[in-house]
$ cat query12.txt   # compact mmCIF, C-alpha atoms
# COMPACT_ATOMS: atom_id res chain seq x y z
CA MET X 836 -29.23 13.98 38.22
CA ASN X 837 -26.51 15.76 36.23
CA ARG X 838 -29.00 18.47 35.31
CA GLN X 839 -29.88 18.89 39.00
CA LEU X 840 -26.21 19.30 39.83
CA ARG X 841 -25.81 22.05 37.28
CA CYS X 842 -29.02 23.82 38.26
CA GLY X 843 -28.48 23.42 41.98
CA LEU X 844 -24.83 24.39 42.21
CA ALA X 845 -23.96 26.56 39.21
CA LEU X 846 -23.70 30.06 40.68
CA LEU X 847 -23.20 32.65 38.00
CA VAL X 848 -20.93 35.67 38.19
CA MET X 849 -22.76 38.86 37.25
CA LEU X 850 -21.03 41.23 34.83
CA LEU X 851 -21.83 44.67 33.46
CA ALA X 852 -21.96 45.47 29.75
CA LEU X 853 -20.38 48.68 28.56
CA PRO X 854 -19.76 49.92 24.98
CA ILE X 855 -16.79 48.47 23.12
CA ALA X 856 -14.06 50.50 21.50
CA GLY X 857 -12.71 50.51 17.98
CA VAL X 858 -9.68 48.93 16.33
CA ARG X 859 -6.39 49.71 17.99
CA ALA X 860 -3.10 49.04 16.26
CA GLN X 861 -0.05 47.74 18.09
CA ASP X 862 1.98 50.80 17.10
CA ASP X 863 -0.51 52.98 19.00
CA PRO X 864 1.44 54.35 21.97
CA ALA X 865 -1.37 53.14 24.25
CA VAL X 866 -0.50 49.53 23.43
CA GLU X 867 2.10 48.32 25.88
CA PRO X 868 4.31 45.41 24.82
CA PRO X 869 3.96 42.09 26.63
CA PRO X 870 6.40 41.34 29.46
CA ALA X 871 9.92 40.67 28.26
CA ASP X 872 10.55 37.53 30.30
CA TYR X 873 9.14 35.19 32.93
CA GLY X 874 10.95 36.97 35.75
CA GLU X 875 8.58 39.92 35.37
CA VAL X 876 5.50 37.85 36.28
CA ALA X 877 6.73 34.77 38.18
CA ALA X 878 6.36 36.08 41.74
CA ALA X 879 2.91 37.61 41.22
CA TYR X 880 1.53 34.60 39.37
CA THR X 881 2.85 32.15 41.97
CA GLU X 882 1.30 34.25 44.73
CA MET X 883 -2.05 34.21 42.90
CA GLU X 884 -1.88 30.42 42.53
CA ASN X 885 -0.92 29.82 46.16
CA THR X 886 -3.58 32.16 47.55
CA THR X 887 -6.28 30.62 45.36
CA ILE X 888 -5.33 27.06 46.31
CA THR X 889 -5.26 27.96 50.02
CA ASP X 890 -8.68 29.64 49.88
CA ALA X 891 -10.18 26.77 47.89
CA ASN X 892 -8.81 24.11 50.23
CA ARG X 893 -10.26 25.98 53.20
CA MET X 894 -13.68 25.95 51.54
CA ILE X 895 -13.35 22.27 50.61
CA ASP X 896 -12.51 21.37 54.20
CA LEU X 897 -15.67 23.15 55.36
CA MET X 898 -17.69 21.31 52.74
CA LEU X 899 -16.31 17.91 53.71
CA SER X 900 -17.06 18.64 57.37
CA GLY X 901 -20.62 19.68 56.52
CA ASP X 902 -20.27 23.30 57.69
CA PHE X 903 -22.36 24.85 54.89
CA ALA X 904 -23.29 27.87 56.98
CA ALA X 905 -19.61 28.84 57.17
CA ILE X 906 -19.29 28.45 53.39
CA TYR X 907 -22.42 30.52 52.85
CA GLU X 908 -20.97 33.34 54.92
CA GLN X 909 -18.09 33.52 52.42
CA PHE X 910 -20.46 33.97 49.46
CA SER X 911 -20.66 37.35 47.76
CA ASP X 912 -23.94 39.23 48.03
CA GLU X 913 -24.69 38.41 44.38
CA VAL X 914 -24.36 34.68 45.05
CA LYS X 915 -26.39 34.87 48.28
CA ALA X 916 -29.19 36.40 46.23
CA LEU X 917 -29.20 33.32 43.98
CA VAL X 918 -29.01 30.47 46.49
CA THR X 919 -29.81 29.70 50.11
CA VAL X 920 -27.67 27.74 52.53
CA GLU X 921 -30.29 24.97 52.40
CA GLN X 922 -29.99 24.78 48.61
CA LEU X 923 -26.22 24.65 48.91
CA GLU X 924 -26.41 21.72 51.31
CA THR X 925 -29.00 19.93 49.17
CA GLY X 926 -26.87 20.37 46.07
CA TYR X 927 -23.84 18.88 47.78
CA GLN X 928 -25.94 15.96 49.03
CA GLN X 929 -27.01 15.32 45.43
CA VAL X 930 -23.36 15.14 44.44
CA THR X 931 -22.31 12.77 47.21
CA SER X 932 -25.38 10.56 46.83
CA ALA X 933 -23.81 9.33 43.59
CA GLY X 934 -20.49 8.74 45.32
CA PRO X 935 -18.20 10.51 47.79
CA LEU X 936 -15.46 12.85 46.67
CA GLY X 937 -12.34 10.73 46.37
CA GLU X 938 -8.70 11.54 45.79
CA LEU X 939 -7.63 14.71 44.03
CA ILE X 940 -6.64 13.86 40.45
CA SER X 941 -5.45 17.23 39.17
CA SER X 942 -5.97 20.93 39.84
CA ARG X 943 -5.02 24.40 38.65
CA ALA X 944 -5.58 28.03 39.63
CA ILE X 945 -6.24 30.77 37.09
CA ALA X 946 -7.12 34.47 37.09
CA VAL X 947 -10.21 35.45 35.06
CA ASN X 948 -11.80 38.92 34.92
CA SER X 949 -10.83 40.00 38.45
CA GLN X 950 -11.73 36.53 39.72
CA ARG X 951 -9.34 33.90 41.05
CA VAL X 952 -10.59 30.48 39.99
CA TYR X 953 -9.67 27.05 41.31
CA ILE X 954 -10.49 24.05 39.12
CA ALA X 955 -9.96 20.52 40.42
CA GLN X 956 -10.85 17.02 39.34
CA TYR X 957 -11.64 14.41 41.99
CA ALA X 958 -12.30 10.70 41.81
CA TRP X 959 -16.05 10.19 42.21
CA GLY X 960 -17.07 6.58 42.54
CA ASP X 961 -16.10 4.90 39.28
CA ASN X 962 -15.99 8.27 37.53
CA ALA X 963 -14.57 11.75 38.13
CA ILE X 964 -16.08 15.13 38.91
CA THR X 965 -14.82 18.67 38.42
CA LEU X 966 -15.11 21.26 41.19
CA THR X 967 -14.82 24.92 40.22
CA VAL X 968 -14.80 27.69 42.82
CA ALA X 969 -14.23 31.38 42.06
CA PHE X 970 -13.20 34.20 44.39
CA ASN X 971 -13.77 37.89 43.68
CA ALA X 972 -11.36 40.73 44.40
CA ALA X 973 -12.63 40.90 48.00
CA GLY X 974 -11.87 37.21 48.55
CA GLU X 975 -15.56 36.24 48.63
CA ILE X 976 -16.84 33.14 46.83
CA SER X 977 -18.38 34.39 43.59
CA GLY X 978 -19.02 31.04 41.89
CA LEU X 979 -19.26 27.35 42.77
CA ASN X 980 -19.93 24.41 40.51
CA PHE X 981 -19.71 20.61 40.40
CA VAL X 982 -19.83 18.96 36.95
CA PRO X 983 -19.32 15.26 36.24
CA VAL X 984 -16.42 14.61 33.87
CA THR X 985 -17.54 13.44 30.44
CA PRO X 986 -15.22 10.88 28.81
CA LEU X 987 -13.41 12.36 25.82
CA LEU X 988 -13.89 11.14 22.28
CA GLY X 989 -11.11 9.07 20.82
CA ASP X 990 -8.37 10.99 19.02
CA PRO X 991 -7.47 9.18 15.78
CA ARG X 992 -4.68 11.67 14.99
CA ALA X 993 -3.09 11.74 18.44
CA ASP X 994 0.19 10.27 17.16
CA TYR X 995 0.43 12.51 14.11
CA GLN X 996 3.76 14.31 13.77
CA SER X 997 4.01 17.28 11.43
CA ALA X 998 7.26 17.89 9.59
CA VAL X 999 6.59 21.65 9.79
CA VAL X 1000 8.58 23.75 12.25
CA PHE X 1001 6.22 26.03 14.19
CA ARG X 1002 7.15 29.11 16.20
CA LEU X 1003 4.82 30.72 18.73
CA PRO X 1004 2.38 33.16 17.05
CA PHE X 1005 3.54 36.25 18.95
CA ASP X 1006 6.53 38.10 20.33
CA GLY X 1007 7.16 38.66 24.03
CA LEU X 1008 5.86 36.64 26.98
CA TRP X 1009 2.29 35.31 26.85
CA ASN X 1010 0.29 33.09 29.18
CA THR X 1011 -1.16 29.81 27.94
CA PHE X 1012 -4.71 30.13 29.20
CA TRP X 1013 -5.84 26.89 27.56
CA GLY X 1014 -3.48 24.28 26.15
CA GLY X 1015 -2.53 20.65 26.61
CA PRO X 1016 -4.05 17.17 26.37
CA ASP X 1017 -6.65 17.20 29.20
CA VAL X 1018 -9.86 19.13 29.79
CA LEU X 1019 -8.64 20.70 33.03
CA HIS X 1020 -5.93 22.58 31.16
CA ASN X 1021 -7.59 22.80 27.75
CA TYR X 1022 -11.36 22.82 27.30
CA HIS X 1023 -10.88 22.51 23.52
CA VAL X 1024 -10.15 18.77 23.85
CA ALA X 1025 -13.88 18.01 23.93
CA ALA X 1026 -14.33 18.85 20.21
CA ALA X 1027 -12.51 17.12 17.36
CA PRO X 1028 -11.33 19.99 15.10
CA PRO X 1029 -9.80 22.22 17.83
CA ARG X 1030 -8.87 19.47 20.33
CA HIS X 1031 -5.18 20.47 20.14
CA ALA X 1032 -5.89 24.22 20.20
CA TYR X 1033 -4.35 26.93 22.37
CA ASP X 1034 -5.64 30.23 23.74
CA PHE X 1035 -2.92 32.72 24.62
CA VAL X 1036 -3.37 35.91 26.68
CA VAL X 1037 -1.04 38.56 28.06
CA TRP X 1038 -0.88 38.48 31.86
CA LYS X 1039 0.92 41.01 34.05
CA ASP X 1040 0.35 43.05 37.21
CA GLY X 1041 -1.95 40.33 38.52
CA SER X 1042 -4.39 40.21 35.61
CA THR X 1043 -4.92 40.13 31.85
CA PHE X 1044 -6.14 43.72 31.91
CA GLY X 1045 -5.74 47.10 33.56
CA GLY X 1046 -8.64 49.31 34.60
CA ASP X 1047 -11.95 47.58 35.25
CA GLY X 1048 -11.82 45.18 32.30
CA THR X 1049 -15.02 46.46 30.66
CA SER X 1050 -13.27 48.03 27.67
CA LEU X 1051 -11.30 46.18 25.01
CA GLU X 1052 -8.45 48.64 25.44
CA ASP X 1053 -8.09 47.50 29.05
CA TYR X 1054 -6.70 44.15 27.89
CA TYR X 1055 -2.95 43.77 27.46
CA ALA X 1056 -3.37 41.39 24.50
CA TYR X 1057 -5.59 43.79 22.56
CA GLY X 1058 -3.85 45.18 19.49
CA GLN X 1059 -0.79 42.93 19.82
CA PRO X 1060 0.38 41.47 16.48
CA ALA X 1061 -0.63 37.90 15.67
CA LEU X 1062 2.21 36.29 13.72
CA ALA X 1063 2.35 33.42 11.25
CA PRO X 1064 3.83 30.41 13.09
CA ALA X 1065 5.10 28.85 9.84
CA ASP X 1066 5.46 29.43 6.12
CA GLY X 1067 2.36 28.68 4.08
CA GLU X 1068 -0.42 29.80 1.77
CA VAL X 1069 -3.42 31.80 2.97
CA ILE X 1070 -6.61 30.00 1.95
CA THR X 1071 -9.26 31.76 4.07
CA VAL X 1072 -9.64 35.32 5.38
CA VAL X 1073 -12.56 36.75 7.38
CA ASN X 1074 -11.90 40.38 8.30
CA ASP X 1075 -15.20 42.25 8.71
CA LEU X 1076 -16.94 40.91 11.80
CA PRO X 1077 -17.57 43.23 14.76
CA GLU X 1078 -16.01 42.68 18.14
CA VAL X 1079 -17.96 41.75 21.25
CA THR X 1080 -17.96 43.22 24.74
CA PRO X 1081 -15.38 41.40 26.88
CA GLN X 1082 -16.73 39.05 29.57
CA VAL X 1083 -20.31 39.90 28.61
CA GLU X 1084 -21.30 38.71 25.15
CA MET X 1085 -20.14 36.38 22.39
CA ASP X 1086 -20.99 35.86 18.72
CA PRO X 1087 -22.06 32.20 18.44
CA ALA X 1088 -23.12 32.72 14.81
CA HIS X 1089 -19.44 33.33 13.94
CA PRO X 1090 -17.42 31.31 16.49
CA ALA X 1091 -13.98 31.96 14.99
CA GLY X 1092 -14.63 35.67 14.45
CA ASN X 1093 -12.13 37.38 12.18
CA HIS X 1094 -9.64 34.70 11.28
CA VAL X 1095 -7.08 33.40 8.84
CA VAL X 1096 -6.50 29.82 7.66
CA ILE X 1097 -3.01 29.00 6.39
CA GLN X 1098 -2.15 25.76 4.61
CA VAL X 1099 1.29 24.88 5.94
CA ALA X 1100 1.61 21.41 4.38
CA GLU X 1101 -0.47 18.81 2.58
CA GLY X 1102 -3.45 18.07 4.84
CA GLU X 1103 -2.38 20.65 7.47
CA TYR X 1104 -4.44 23.80 7.98
CA LEU X 1105 -3.60 26.36 10.64
CA PHE X 1106 -6.34 28.55 12.14
CA ILE X 1107 -5.61 31.90 13.84
CA ALA X 1108 -8.82 33.41 15.22
CA HIS X 1109 -10.63 36.27 17.03
CA MET X 1110 -8.68 39.17 15.44
CA GLN X 1111 -9.72 42.81 15.20
CA PRO X 1112 -11.96 43.72 12.24
CA GLY X 1113 -10.02 45.36 9.42
CA SER X 1114 -6.67 44.42 10.94
CA ILE X 1115 -5.80 41.36 8.84
CA GLN X 1116 -2.90 42.16 6.53
CA VAL X 1117 -2.98 39.15 4.19
CA GLU X 1118 -5.29 37.99 1.41
CA VAL X 1119 -6.34 34.63 0.03
CA GLY X 1120 -3.55 33.26 -2.14
CA ASP X 1121 -0.75 35.12 -0.34
CA MET X 1122 2.34 33.17 0.65
CA VAL X 1123 3.38 34.08 4.18
CA ASP X 1124 6.62 33.59 6.07
CA ALA X 1125 7.00 32.44 9.65
CA GLY X 1126 6.98 35.49 11.92
CA GLN X 1127 5.07 37.67 9.46
CA VAL X 1128 2.28 39.83 10.93
CA ILE X 1129 -1.11 38.36 10.04
CA GLY X 1130 -3.35 40.75 11.95
CA LEU X 1131 -4.02 42.24 15.37
CA THR X 1132 -5.29 40.43 18.43
CA GLY X 1133 -8.93 41.24 19.07
CA ASN X 1134 -12.19 39.96 20.52
CA SER X 1135 -14.41 38.88 17.64
CA GLY X 1136 -16.47 35.70 17.53
CA SER X 1137 -17.02 33.44 20.54
CA SER X 1138 -14.39 35.10 22.69
CA SER X 1139 -14.64 36.19 26.31
CA GLU X 1140 -11.63 38.52 26.13
CA PRO X 1141 -8.90 39.49 23.64
CA HIS X 1142 -6.61 36.55 22.97
CA ILE X 1143 -4.97 34.53 20.21
CA HIS X 1144 -6.63 31.22 19.38
CA ILE X 1145 -4.60 28.85 17.24
CA HIS X 1146 -5.02 25.24 16.16
CA LEU X 1147 -4.04 22.80 13.42
CA GLN X 1148 -6.47 20.45 11.66
CA ASP X 1149 -6.51 18.13 8.65
CA THR X 1150 -9.12 19.88 6.45
CA PRO X 1151 -9.66 23.56 5.58
CA GLU X 1152 -13.17 23.81 7.07
CA MET X 1153 -13.89 23.88 10.79
CA PHE X 1154 -17.67 24.23 10.52
CA THR X 1155 -20.58 22.95 8.43
CA THR X 1156 -23.18 25.38 7.08
CA ASP X 1157 -26.66 25.24 5.65
CA GLU X 1158 -27.74 26.58 2.25
CA SER X 1159 -27.84 30.14 3.58
CA GLY X 1160 -24.28 29.93 4.91
CA THR X 1161 -25.36 29.76 8.54
CA ILE X 1162 -23.05 27.66 10.71
CA ILE X 1163 -24.91 24.59 11.98
CA GLY X 1164 -22.13 22.53 13.54
CA LEU X 1165 -18.55 21.34 13.46
CA SER X 1166 -17.10 19.73 10.37
CA ASP X 1167 -15.62 16.22 10.32
CA ALA X 1168 -12.11 17.68 10.53
CA GLN X 1169 -9.71 16.13 13.01
CA GLY X 1170 -7.41 18.29 15.07
CA LEU X 1171 -3.68 17.66 14.69
CA PRO X 1172 -1.08 17.99 17.45
CA LEU X 1173 0.53 21.43 17.19
CA VAL X 1174 4.06 21.27 18.55
CA PHE X 1175 6.04 24.49 18.94
CA THR X 1176 9.83 24.58 18.74
CA PHE X 1177 12.61 26.56 20.39
CA TYR X 1178 10.65 28.39 23.05
CA LEU X 1179 10.84 29.09 26.77
CA ALA X 1180 8.21 27.73 29.18
CA ASN X 1181 8.28 29.49 32.56
CA GLY X 1182 11.80 30.58 31.66
CA GLU X 1183 13.06 27.08 30.81
CA PRO X 1184 14.16 26.18 27.25
CA VAL X 1185 12.01 23.72 25.29
CA ALA X 1186 13.31 22.29 22.01
CA ALA X 1187 9.87 21.04 20.96
CA GLY X 1188 6.76 20.82 23.05
CA VAL X 1189 3.13 21.51 23.86
CA PRO X 1190 2.48 24.55 26.10
CA ILE X 1191 0.24 23.56 29.01
CA GLY X 1192 -2.51 25.72 30.47
CA GLY X 1193 -0.93 28.03 33.05
CA GLN X 1194 2.55 28.14 31.48
CA PHE X 1195 4.14 31.40 30.38
CA VAL X 1196 5.77 30.99 26.99
CA GLN X 1197 7.87 33.01 24.58
CA ASN X 1198 10.04 32.32 21.58
CA ALA X 1199 13.63 31.54 22.53
CA PRO X 1200 16.16 34.30 21.79
$ encode --input "query12.txt" --output "structure tokens"
Amino acid sequence: MNRQLRCGLALLVMLLALPIAGVRAQDDPAVEPPPADYGEVAAAYTEMENTTITDANRMIDLMLSGDFAAIYEQFSDEVKALVTVEQLETGYQQVTSAGPLGELISSRAIAVNSQRVYIAQYAWGDNAITLTVAFNAAGEISGLNFVPVTPLLGDPRADYQSAVVFRLPFDGLWNTFWGGPDVLHNYHVAAAPPRHAYDFVVWKDGSTFGGDGTSLEDYYAYGQPALAPADGEVITVVNDLPEVTPQVEMDPAHPAGNHVVIQVAEGEYLFIAHMQPGSIQVEVGDMVDAGQVIGLTGNSGSSSEPHIHIHLQDTPEMFTTDESGTIIGLSDAQGLPLVFTFYLANGEPVAAGVPIGGQFVQNAP
């Protein structure tokens, strides 16, 4: 039945592929710095959240009342070409046949590639289910999905406390796209090595990019320096993988893309991933200082748009490989809680904490 839910209700957003551009350094005059503080983005981001929640609740009310024709009228032409109103109703009946939608557990609104997306978890019988609904720039529904919540694996290192002091891996104000202890705010929690990972993007003027978002240079994070969050020794550098077209393709053969691994303490290995090819400024064996430039933010590996991925784990290898060096799965590494110190979250000081998906963060002055 879970497969039927996915097949019946997963409505895909269609994207266009255009050529990617080359490496762009942060000192290029075309690279604008991130916002200076939360006040520059607060009003626009709050408006995006409120509008998305209002639109989603209106659709949910129609769904609960059984008015699928009214929902269908809100679909974009691309979605209408993929599903009929009868299929929509049948898909919802499949969901509720296993249990009615119960109380709202948690929700968030995000902006992704000109889409506003509402993600919510509801009680669903003895379990929970996640509803995702996306709206395009015209306010039409461009995606709709129900997925049962899969229980998370146990976290044997959940109570681990590093003695290392970590700063955020960038300057200026960035948005925590994924981060925190639950799947709604951080999809990484489903896999052991990166379960405490973060993805950071630059958000301003209502989006993570200017223009139409088809070029890497459109993205505000692209070319921004990625900084060492702590002192340590570089033990791994990958610097020669090509970038992928944003929102269109990924490189599953090289999930981390161009990346650096820094040993910051005994049994603590810090990964910084998805950087521009040729931009990494350190070599294996180098000792780095906190705040030192490691490379430039890019879009290599399994990355949908330019961003900084960072996580801490207890072994130096994230993946297992076969005899040819091809990645065949995750290693037995366990992710470690990565706590940042002396930063601002939505303008409020935090002495030590975990940025949560949706928060705007920057190092404290």
$ residues_near_point --input "query12.txt" --point "(-14.2, 23.0, 9.4)" --cutoff "9 Å" --atoms "only C-alpha atoms" --output "list in words"
Pro1028, Gln1148, Thr1150, Pro1151, Glu1152, Met1153, Phe1154, Thr1155, Gly1164, Leu1165, Ser1166, Asp1167, Ala1168 and Gln1169 of chain X
$ residues_around --input "query12.txt" --residues "Glu975 (chain X)" --least-positions-apart "4" --cutoff "7 Å" --atoms "all atoms listed in the file" --output "PyMOL selection string"
chain X and resi 909-911+970-971
$ closest_atom_pairs --input "query12.txt" --of "region 970-1031 of chain X" --to "region 1036-1049 of chain X" --cutoff "10 Å" --atoms "only C-alpha atoms" --output "Markdown table"
| residue | atom | partner | partner_atom | distance |
| --- | --- | --- | --- | --- |
| X:Gly1007 | CA | X:Val1037 | CA | 9.1 |
| X:Leu1008 | CA | X:Val1037 | CA | 7.2 |
| X:Trp1009 | CA | X:Val1037 | CA | 4.8 |
| X:Asn1010 | CA | X:Val1036 | CA | 5.3 |
| X:Thr1011 | CA | X:Val1036 | CA | 6.6 |
| X:Phe1012 | CA | X:Val1036 | CA | 6.4 |
| X:Trp1013 | CA | X:Val1036 | CA | 9.4 |
$ residues_around --input "query12.txt" --residues "region 1129-1132 of chain X" --least-positions-apart "4" --cutoff "10 Å" --atoms "all atoms listed in the file" --output "JSON, numbers by chain"
{"X": [858, 859, 860, 861, 1004, 1005, 1036, 1055, 1056, 1057, 1058, 1059, 1060, 1061, 1062, 1063, 1064, 1069, 1074, 1093, 1094, 1095, 1107, 1108, 1109, 1110, 1111, 1112, 1113, 1114, 1115, 1116, 1117, 1118, 1123, 1124, 1141, 1142, 1143, 1144]}
$ atom_distance --input "query12.txt" --atom1 "CA of Leu979 (chain X)" --atom2 "CA of Ser900 (chain X)"
17.1 Å
$ closest_residue --input "query12.txt" --among "X:Leu1147, X:Ala877, X:Val866, X:Ile976" --to "Arg893 (chain X)" --atoms "only C-alpha atoms"
X:Ile976
$ closest_residue --input "query12.txt" --among "X:Val920, X:Ala963, X:Leu1076, X:Ala1125" --to "Gly1092 (chain X)" --atoms "only C-alpha atoms"
X:Leu1076
$ closest_residue --input "query12.txt" --among "X:Glu875, X:Glu867, X:Phe903, X:Ile954" --to "Asn1181 (chain X)" --atoms "only C-alpha atoms"
X:Glu875
$ residues_around --input "query12.txt" --residues "Ala1065 (chain X)" --least-positions-apart "2" --cutoff "10 Å" --atoms "all atoms listed in the file" --output "compact mmCIF listing (two decimals) with C-alpha atoms, keeping the file's coordinate frame"
# COMPACT_ATOMS: atom_id res chain seq x y z
CA VAL X 999 6.59 21.65 9.79
CA VAL X 1000 8.58 23.75 12.25
CA PHE X 1001 6.22 26.03 14.19
CA ARG X 1002 7.15 29.11 16.20
CA LEU X 1003 4.82 30.72 18.73
CA PRO X 1004 2.38 33.16 17.05
CA LEU X 1062 2.21 36.29 13.72
CA ALA X 1063 2.35 33.42 11.25
CA GLY X 1067 2.36 28.68 4.08
CA GLU X 1068 -0.42 29.80 1.77
CA ILE X 1097 -3.01 29.00 6.39
CA GLN X 1098 -2.15 25.76 4.61
CA VAL X 1099 1.29 24.88 5.94
CA ALA X 1100 1.61 21.41 4.38
CA LEU X 1105 -3.60 26.36 10.64
CA VAL X 1123 3.38 34.08 4.18
CA ASP X 1124 6.62 33.59 6.07
CA ALA X 1125 7.00 32.44 9.65
CA GLY X 1126 6.98 35.49 11.92
CA GLN X 1127 5.07 37.67 9.46
$ residues_around --input "query12.txt" --residues "Asp1086 (chain X)" --least-positions-apart "2" --cutoff "7 Å" --atoms "all atoms listed in the file" --output "number ranges by chain"
X: 1088-1090, 1136-1137
$ closest_residue --input "query12.txt" --among "X:Glu921, X:Leu1019, X:Ala972, X:His1031" --to "Asp994 (chain X)" --atoms "only C-alpha atoms"
X:His1031
$ atom_distance --input "query12.txt" --atom1 "CA of Leu1171 (chain X)" --atom2 "CA of Ala1186 (chain X)"
19.1 Å
$ atom_distance --input "query12.txt" --atom1 "CA of Ile964 (chain X)" --atom2 "CA of Glu1140 (chain X)"
27.0 Å
$ closest_residue --input "query12.txt" --among "X:His1020, X:Ser977, X:Asn1198, X:Asp896" --to "Ser941 (chain X)" --atoms "all atoms listed in the file"
X:His1020
$ residues_near_point --input "query12.txt" --point "(-11.4, 8.8, 48.6)" --cutoff "10 Å" --atoms "only C-alpha atoms" --output "PDB file with C-alpha atoms, in the frame of the given file"
ATOM      1  CA  GLY X 934     -20.490   8.740  45.320  1.00  0.00           C
ATOM      2  CA  PRO X 935     -18.200  10.510  47.790  1.00  0.00           C
ATOM      3  CA  LEU X 936     -15.460  12.850  46.670  1.00  0.00           C
ATOM      4  CA  GLY X 937     -12.340  10.730  46.370  1.00  0.00           C
ATOM      5  CA  GLU X 938      -8.700  11.540  45.790  1.00  0.00           C
ATOM      6  CA  LEU X 939      -7.630  14.710  44.030  1.00  0.00           C
ATOM      7  CA  TYR X 957     -11.640  14.410  41.990  1.00  0.00           C
ATOM      8  CA  ALA X 958     -12.300  10.700  41.810  1.00  0.00           C
ATOM      9  CA  TRP X 959     -16.050  10.190  42.210  1.00  0.00           C
ATOM     10  CA  GLY X 960     -17.070   6.580  42.540  1.00  0.00           C
TER      11      GLY X 960
END
$ closest_residue --input "query12.txt" --among "X:Ser1050, X:Asn1134, X:Ser1139, X:Thr1161" --to "Glu1084 (chain X)" --atoms "only C-alpha atoms"
X:Ser1139
$ decode --input "query12.txt" --residues "region 902-916 of chain X" --atoms "N, CA and C atoms" --output "PDB file, in the first residue's frame"
ATOM      1  N   ASP X 902     -13.681  17.823  -1.336  1.00  0.00           N
ATOM      2  CA  ASP X 902     -13.884  18.626  -2.541  1.00  0.00           C
ATOM      3  C   ASP X 902     -12.638  18.528  -3.433  1.00  0.00           C
ATOM      4  N   PHE X 903     -12.435  17.370  -4.056  1.00  0.00           N
ATOM      5  CA  PHE X 903     -11.238  17.128  -4.857  1.00  0.00           C
ATOM      6  C   PHE X 903     -11.272  17.895  -6.168  1.00  0.00           C
ATOM      7  N   ALA X 904     -12.449  18.201  -6.661  1.00  0.00           N
ATOM      8  CA  ALA X 904     -12.545  18.996  -7.889  1.00  0.00           C
ATOM      9  C   ALA X 904     -11.979  20.385  -7.664  1.00  0.00           C
ATOM     10  N   ALA X 905     -12.251  20.962  -6.489  1.00  0.00           N
ATOM     11  CA  ALA X 905     -11.717  22.294  -6.182  1.00  0.00           C
ATOM     12  C   ALA X 905     -10.202  22.243  -6.048  1.00  0.00           C
ATOM     13  N   ILE X 906      -9.671  21.174  -5.463  1.00  0.00           N
ATOM     14  CA  ILE X 906      -8.209  21.028  -5.366  1.00  0.00           C
ATOM     15  C   ILE X 906      -7.624  20.899  -6.761  1.00  0.00           C
ATOM     16  N   TYR X 907      -8.263  20.083  -7.593  1.00  0.00           N
ATOM     17  CA  TYR X 907      -7.745  19.851  -8.939  1.00  0.00           C
ATOM     18  C   TYR X 907      -7.673  21.140  -9.740  1.00  0.00           C
ATOM     19  N   GLU X 908      -8.629  22.026  -9.532  1.00  0.00           N
ATOM     20  CA  GLU X 908      -8.617  23.300 -10.246  1.00  0.00           C
ATOM     21  C   GLU X 908      -7.411  24.148  -9.868  1.00  0.00           C
ATOM     22  N   GLN X 909      -6.821  23.896  -8.695  1.00  0.00           N
ATOM     23  CA  GLN X 909      -5.650  24.646  -8.261  1.00  0.00           C
ATOM     24  C   GLN X 909      -4.346  24.038  -8.781  1.00  0.00           C
ATOM     25  N   PHE X 910      -4.413  22.868  -9.400  1.00  0.00           N
ATOM     26  CA  PHE X 910      -3.211  22.225  -9.926  1.00  0.00           C
ATOM     27  C   PHE X 910      -2.650  23.017 -11.104  1.00  0.00           C
ATOM     28  N   SER X 911      -1.339  22.997 -11.244  1.00  0.00           N
ATOM     29  CA  SER X 911      -0.708  23.575 -12.435  1.00  0.00           C
ATOM     30  C   SER X 911      -1.017  22.683 -13.635  1.00  0.00           C
ATOM     31  N   ASP X 912      -0.822  23.225 -14.830  1.00  0.00           N
ATOM     32  CA  ASP X 912      -1.088  22.444 -16.040  1.00  0.00           C
ATOM     33  C   ASP X 912      -0.196  21.204 -16.091  1.00  0.00           C
ATOM     34  N   GLU X 913       1.035  21.326 -15.607  1.00  0.00           N
ATOM     35  CA  GLU X 913       1.958  20.180 -15.629  1.00  0.00           C
ATOM     36  C   GLU X 913       1.429  19.049 -14.752  1.00  0.00           C
ATOM     37  N   VAL X 914       0.882  19.398 -13.599  1.00  0.00           N
ATOM     38  CA  VAL X 914       0.355  18.377 -12.697  1.00  0.00           C
ATOM     39  C   VAL X 914      -0.935  17.782 -13.263  1.00  0.00           C
ATOM     40  N   LYS X 915      -1.784  18.630 -13.841  1.00  0.00           N
ATOM     41  CA  LYS X 915      -3.028  18.108 -14.442  1.00  0.00           C
ATOM     42  C   LYS X 915      -2.736  17.111 -15.552  1.00  0.00           C
ATOM     43  N   ALA X 916      -1.589  17.278 -16.211  1.00  0.00           N
ATOM     44  CA  ALA X 916      -1.229  16.339 -17.277  1.00  0.00           C
ATOM     45  C   ALA X 916      -0.789  14.983 -16.721  1.00  0.00           C
TER      46      ALA X 916
END
